[in-house]
Amino acid sequence: MIDIVHDLQTLRARVAGWKREGLRVGLVPTMGNLHAGHHSLVRLARTQADRGVASVFVNPTQFGPNEDFARYPRTPEADAQGLDAAGCDLMWAPSVDTMYPLGIAAAVKISVPGVTEVLEGARRPGHFDGVATVVSRLLLQVQPDVAVFGRKDYQQLAVIRHLVTDLAFPVTLLAGDIVRADDGLALSSRNQYLSPAERRVAPLLHATLQRMRDAWDAGQARTGVEAEAIQALEAAGFVVDYAAIRTRALGIPDDDHGRGPRVALMAARLGTTRLIDNLEFGSGG
Ligand code: PAF
């Protein structure tokens, strides 16, 4: 049965024991309320590691003042069961005081420049500083050989790659593919906030990403592709933060329609629920 650990001393002892045996350790950072997408990340970690650790921590520093920190679903028992079934050995579930021992106001913060300033970063000030700060702490606490993040949070993955490269964290990063429901909606803990009517409309996000890819491939100008996507989503009742075609490094691509690697990304609100999704396309990525 999975080991559920809340204190740093026990975590360190478990990981040190594994390392003494020469075992490789994989970490999957999460905020809990786990679904099949998270379980697939655990399975991916276990392809490269002998022991799997998943952290379950709803990180207050990555939520803005008007965001859903208080109502973010917390389901630790179900999380532990799902992790166990997916082959995870240890669930690291620290308290806020354990994660931020000097208090949040006194916490050392990590800030990644550049890639954090566009798209999600522009709409959610401070969000990626909170992510970079907690991921740095998790990597220092667990000291994994491998850490796995999902491609659904495309920009987050870019931020973490920058962080790990720049601070030379001794860890190999792996990216897990987006897991989708049969109708195309990317799995997310936030999907459960959707009313039945909103849930029926939500797959339009993925369908619109596919249309953006096809329109780009057909030679339509980027600004036109983006404007049409926003129009289609708004007509269905979404409030759109952005629908964008970018290079894989999140720069603005030339309208050259070469087969270069691209990504279409979007963030939109349905009622009170904010959803994000993305689609990578083009060759060479
Ligand atoms: O992707 C998430 O669930 C969170 O942003 C992460 C990486 C666990 C940091 O809190």
# chains A, B, ... in the order shown; residues from 1 in each chain; ligands from 1
>>> residues_around(residues="A:Ala197", least_positions_apart="4", cutoff="12 Å", atoms="only C-alpha atoms", output="JSON, numbers by chain")
{"A": [193, 201, 202, 203, 236, 237, 270, 271]}
>>> write_last_selection(atoms="N, CA, C and O atoms", output="PDB file, in the first residue's frame")
ATOM      1  N   TYR A 193     -16.183  21.598 -12.035  1.00  0.00           N
ATOM      2  CA  TYR A 193     -16.934  22.816 -11.722  1.00  0.00           C
ATOM      3  C   TYR A 193     -18.019  23.078 -12.773  1.00  0.00           C
ATOM      4  O   TYR A 193     -18.911  23.898 -12.560  1.00  0.00           O
ATOM      5  N   VAL A 201     -20.706  21.944 -23.804  1.00  0.00           N
ATOM      6  CA  VAL A 201     -20.102  22.936 -24.705  1.00  0.00           C
ATOM      7  C   VAL A 201     -18.561  22.858 -24.673  1.00  0.00           C
ATOM      8  O   VAL A 201     -17.879  23.167 -25.655  1.00  0.00           O
ATOM      9  N   ALA A 202     -18.013  22.394 -23.548  1.00  0.00           N
ATOM     10  CA  ALA A 202     -16.563  22.493 -23.306  1.00  0.00           C
ATOM     11  C   ALA A 202     -15.684  21.823 -24.375  1.00  0.00           C
ATOM     12  O   ALA A 202     -14.591  22.335 -24.671  1.00  0.00           O
ATOM     13  N   PRO A 203     -16.109  20.703 -24.999  1.00  0.00           N
ATOM     14  CA  PRO A 203     -15.238  20.083 -26.023  1.00  0.00           C
ATOM     15  C   PRO A 203     -14.962  20.987 -27.222  1.00  0.00           C
ATOM     16  O   PRO A 203     -14.070  20.705 -28.023  1.00  0.00           O
ATOM     17  N   ALA A 236     -20.294  30.486 -28.666  1.00  0.00           N
ATOM     18  CA  ALA A 236     -20.788  29.338 -27.892  1.00  0.00           C
ATOM     19  C   ALA A 236     -20.886  29.652 -26.395  1.00  0.00           C
ATOM     20  O   ALA A 236     -21.198  28.762 -25.597  1.00  0.00           O
ATOM     21  N   GLY A 237     -20.558  30.888 -26.013  1.00  0.00           N
ATOM     22  CA  GLY A 237     -20.738  31.282 -24.614  1.00  0.00           C
ATOM     23  C   GLY A 237     -19.466  31.355 -23.791  1.00  0.00           C
ATOM     24  O   GLY A 237     -19.511  31.615 -22.585  1.00  0.00           O
ATOM     25  N   LEU A 270     -15.886  29.395 -18.950  1.00  0.00           N
ATOM     26  CA  LEU A 270     -17.289  29.000 -19.167  1.00  0.00           C
ATOM     27  C   LEU A 270     -17.958  29.199 -17.822  1.00  0.00           C
ATOM     28  O   LEU A 270     -17.604  28.495 -16.857  1.00  0.00           O
ATOM     29  N   GLY A 271     -18.846  30.159 -17.710  1.00  0.00           N
ATOM     30  CA  GLY A 271     -19.384  30.480 -16.386  1.00  0.00           C
ATOM     31  C   GLY A 271     -18.237  30.919 -15.490  1.00  0.00           C
ATOM     32  O   GLY A 271     -17.452  31.794 -15.850  1.00  0.00           O
TER      33      GLY A 271
END
>>> residues_near_ligand(ligand="ligand 1", cutoff="7 Å", atoms="only C-alpha atoms and all ligand atoms", output="number ranges by chain")
A: 29-31, 57-59, 131, 134-135, 149, 153
>>> select_by_dssp(residues="stretch 96-196 of chain A", states="helix (DSSP H, G or I)", output="number ranges by chain")
A: 96-99, 115-117, 120-123, 127-142, 154-166, 189-193, 196
>>> closest_residue(among="A:Arg74, A:Arg211, A:Arg151, A:His162", to="A:Ala132", atoms="only C-alpha atoms")
A:His162
>>> residues_around(residues="stretch 96-108 of chain A", least_positions_apart="4", cutoff="12 Å", atoms="only C-alpha atoms", output="ChimeraX atom specification")
/A:5-9,11,55-62,92,129-130,132-141
>>> write_last_selection(atoms="N, CA and C atoms", output="CSV table (one decimal), in the first residue's frame")
chain,number,residue,atom,x,y,z
A,5,VAL,N,3.1,10.5,3.4
A,5,VAL,CA,4.1,11.1,4.2
A,5,VAL,C,3.8,12.6,4.3
A,6,HIS,N,3.8,13.1,5.5
A,6,HIS,CA,3.5,14.6,5.7
A,6,HIS,C,4.7,15.4,6.2
A,7,ASP,N,5.7,14.7,6.7
A,7,ASP,CA,6.8,15.5,7.2
A,7,ASP,C,8.1,15.2,6.5
A,8,LEU,N,8.9,16.2,6.4
A,8,LEU,CA,10.1,16.2,5.6
A,8,LEU,C,11.1,15.2,6.0
A,9,GLN,N,11.3,15.0,7.3
A,9,GLN,CA,12.2,14.1,7.8
A,9,GLN,C,11.9,12.7,7.3
A,11,LEU,N,10.1,11.9,4.7
A,11,LEU,CA,10.3,11.8,3.2
A,11,LEU,C,11.8,11.6,2.9
A,55,SER,N,3.6,14.3,-5.4
A,55,SER,CA,3.3,15.3,-4.3
A,55,SER,C,1.9,15.7,-4.6
A,56,VAL,N,1.2,15.9,-3.4
A,56,VAL,CA,-0.2,16.4,-3.5
A,56,VAL,C,-0.2,17.6,-2.6
A,57,PHE,N,-0.2,18.8,-3.2
A,57,PHE,CA,-0.1,20.1,-2.4
A,57,PHE,C,-0.8,21.2,-3.2
A,58,VAL,N,-1.9,21.7,-2.7
A,58,VAL,CA,-2.5,22.8,-3.3
A,58,VAL,C,-1.8,24.1,-2.9
A,59,ASN,N,-1.0,24.6,-3.8
A,59,ASN,CA,0.0,25.6,-3.5
A,59,ASN,C,-0.6,27.0,-3.5
A,60,PRO,N,-0.7,27.6,-2.3
A,60,PRO,CA,-1.4,28.9,-2.3
A,60,PRO,C,-0.7,30.0,-3.0
A,61,THR,N,0.6,29.9,-3.2
A,61,THR,CA,1.3,31.0,-3.8
A,61,THR,C,1.1,31.1,-5.4
A,62,GLN,N,0.5,30.1,-6.0
A,62,GLN,CA,0.3,30.2,-7.4
A,62,GLN,C,-1.2,30.6,-7.8
A,92,TRP,N,3.6,12.4,-1.2
A,92,TRP,CA,4.2,13.5,-0.4
A,92,TRP,C,3.1,14.6,-0.2
A,129,ASP,N,5.5,32.6,-10.8
A,129,ASP,CA,6.5,32.7,-9.7
A,129,ASP,C,6.1,31.7,-8.6
A,130,GLY,N,4.8,31.6,-8.4
A,130,GLY,CA,4.3,30.6,-7.4
A,130,GLY,C,4.6,29.2,-7.8
A,132,ALA,N,7.1,28.2,-10.0
A,132,ALA,CA,8.5,28.0,-10.0
A,132,ALA,C,9.0,27.8,-8.5
A,133,THR,N,8.4,28.6,-7.6
A,133,THR,CA,8.8,28.5,-6.2
A,133,THR,C,8.5,27.2,-5.6
A,134,VAL,N,7.3,26.7,-5.9
A,134,VAL,CA,6.9,25.4,-5.2
A,134,VAL,C,7.6,24.3,-5.9
A,135,VAL,N,7.8,24.3,-7.2
A,135,VAL,CA,8.5,23.2,-7.9
A,135,VAL,C,9.9,23.2,-7.5
A,136,SER,N,10.6,24.3,-7.3
A,136,SER,CA,12.0,24.3,-6.8
A,136,SER,C,12.0,23.6,-5.4
A,137,ARG,N,11.0,24.0,-4.6
A,137,ARG,CA,11.0,23.3,-3.2
A,137,ARG,C,10.8,21.8,-3.3
A,138,LEU,N,9.9,21.4,-4.2
A,138,LEU,CA,9.6,20.0,-4.3
A,138,LEU,C,10.8,19.2,-4.8
A,139,LEU,N,11.5,19.8,-5.8
A,139,LEU,CA,12.7,19.2,-6.3
A,139,LEU,C,13.8,19.1,-5.2
A,140,LEU,N,13.9,20.1,-4.4
A,140,LEU,CA,14.9,20.0,-3.3
A,140,LEU,C,14.4,19.1,-2.2
A,141,GLN,N,13.2,19.0,-1.9
A,141,GLN,CA,12.7,18.1,-0.9
A,141,GLN,C,12.8,16.6,-1.3
>>> residues_around(residues="A:Val15", least_positions_apart="6", cutoff="10 Å", atoms="only C-alpha atoms", output="NGL selection string")
:A and (21 or 23-25 or 51 or 53 or 90 or 141-144)
>>> write_last_selection(atoms="all heavy atoms", output="compact mmCIF listing (two decimals), in the first residue's frame")
# COMPACT_ATOMS: atom_id res chain seq x y z
N GLU A 21 19.97 1.92 -1.94
CA GLU A 21 19.80 0.65 -2.67
C GLU A 21 20.09 0.80 -4.16
O GLU A 21 19.91 -0.14 -4.93
CB GLU A 21 18.36 0.15 -2.52
CG GLU A 21 17.98 -0.33 -1.14
CD GLU A 21 16.50 -0.73 -1.11
OE1 GLU A 21 16.10 -1.59 -1.90
OE2 GLU A 21 15.75 -0.12 -0.33
N LEU A 23 18.36 2.72 -6.22
CA LEU A 23 17.10 2.84 -6.98
C LEU A 23 16.93 4.28 -7.48
O LEU A 23 17.28 5.24 -6.79
CB LEU A 23 15.92 2.46 -6.08
CG LEU A 23 15.96 1.02 -5.53
CD1 LEU A 23 14.82 0.79 -4.55
CD2 LEU A 23 15.90 0.01 -6.66
N ARG A 24 16.36 4.40 -8.68
CA ARG A 24 16.05 5.72 -9.24
C ARG A 24 14.65 6.15 -8.80
O ARG A 24 13.73 5.34 -8.74
CB ARG A 24 16.11 5.67 -10.77
CG ARG A 24 17.54 5.68 -11.31
CD ARG A 24 17.56 5.34 -12.78
NE ARG A 24 16.78 6.26 -13.61
CZ ARG A 24 17.19 7.47 -13.98
NH1 ARG A 24 18.38 7.91 -13.60
NH2 ARG A 24 16.43 8.23 -14.74
N VAL A 25 14.53 7.46 -8.52
CA VAL A 25 13.27 7.98 -7.97
C VAL A 25 12.63 8.95 -8.98
O VAL A 25 13.31 9.82 -9.52
CB VAL A 25 13.57 8.71 -6.63
CG1 VAL A 25 12.30 9.33 -6.06
CG2 VAL A 25 14.20 7.74 -5.63
N ARG A 51 11.18 3.82 -8.23
CA ARG A 51 10.21 4.21 -7.20
C ARG A 51 9.53 5.50 -7.62
O ARG A 51 10.17 6.40 -8.17
CB ARG A 51 10.91 4.44 -5.84
CG ARG A 51 11.50 3.18 -5.22
CD ARG A 51 10.41 2.23 -4.71
NE ARG A 51 10.98 1.03 -4.12
CZ ARG A 51 11.25 -0.09 -4.79
NH1 ARG A 51 10.99 -0.16 -6.08
NH2 ARG A 51 11.77 -1.14 -4.18
N VAL A 53 7.17 8.83 -6.59
CA VAL A 53 6.64 9.74 -5.57
C VAL A 53 5.70 10.71 -6.28
O VAL A 53 6.05 11.23 -7.35
CB VAL A 53 7.78 10.56 -4.91
CG1 VAL A 53 7.22 11.58 -3.92
CG2 VAL A 53 8.78 9.64 -4.22
N LEU A 90 4.90 6.47 -2.92
CA LEU A 90 4.82 7.41 -1.80
C LEU A 90 4.06 8.67 -2.23
O LEU A 90 4.31 9.21 -3.31
CB LEU A 90 6.25 7.79 -1.37
CG LEU A 90 6.43 8.61 -0.10
CD1 LEU A 90 7.77 8.27 0.56
CD2 LEU A 90 6.34 10.09 -0.34
N GLN A 141 13.16 18.98 -1.93
CA GLN A 141 12.66 18.09 -0.88
C GLN A 141 12.81 16.63 -1.29
O GLN A 141 13.31 15.80 -0.54
CB GLN A 141 11.18 18.41 -0.58
CG GLN A 141 10.98 19.74 0.11
CD GLN A 141 9.55 20.26 0.02
OE1 GLN A 141 8.70 19.70 -0.67
NE2 GLN A 141 9.29 21.36 0.71
N VAL A 142 12.35 16.31 -2.50
CA VAL A 142 12.30 14.90 -2.93
C VAL A 142 13.63 14.46 -3.56
O VAL A 142 14.01 13.30 -3.45
CB VAL A 142 11.13 14.68 -3.92
CG1 VAL A 142 11.05 13.24 -4.39
CG2 VAL A 142 9.80 15.11 -3.28
N GLN A 143 14.32 15.38 -4.22
CA GLN A 143 15.56 15.07 -4.93
C GLN A 143 15.41 13.88 -5.88
O GLN A 143 16.13 12.89 -5.79
CB GLN A 143 16.69 14.84 -3.92
CG GLN A 143 16.79 16.04 -2.98
CD GLN A 143 18.11 16.17 -2.26
OE1 GLN A 143 19.03 15.40 -2.45
NE2 GLN A 143 18.19 17.18 -1.43
N PRO A 144 14.44 13.99 -6.79
CA PRO A 144 14.19 12.88 -7.71
C PRO A 144 15.23 12.85 -8.84
O PRO A 144 15.86 13.85 -9.14
CB PRO A 144 12.82 13.24 -8.29
CG PRO A 144 12.82 14.74 -8.31
CD PRO A 144 13.58 15.16 -7.08
>>> atom_distance(atom1="atom CA of A:Pro261", atom2="atom CA of A:Gln155")
15.3 Å
>>> closest_residue(among="A:Asp89, A:Asn66, A:Asp84, A:Thr172", to="A:Pro125", atoms="only C-alpha atoms")
A:Asn66
>>> residues_around(residues="A:Leu41", least_positions_apart="5", cutoff="12 Å", atoms="only C-alpha atoms", output="VMD selection string")
chain A and resid 26 to 30 34 to 36 46 to 48 52 to 54 83 86 to 88 146 to 152 173 to 179
>>> atom_distance(atom1="atom CA of A:Gln81", atom2="atom CA of A:Leu157")
26.4 Å
>>> atom_distance(atom1="atom CA of A:Gln231", atom2="atom CA of A:Arg180")
23.7 Å
>>> closest_residue(among="A:Arg124, A:His257, A:Glu117, A:Asp183", to="A:Gln220", atoms="only C-alpha atoms")
A:His257
>>> closest_residue(among="A:Gly82, A:Gly219, A:Gly282, A:Gly224", to="A:Thr247", atoms="only C-alpha atoms")
A:Gly282
>>> closest_residue(among="A:Leu204, A:Leu119, A:Arg161, A:Phe128", to="A:Ala235", atoms="only C-alpha atoms")
A:Leu204
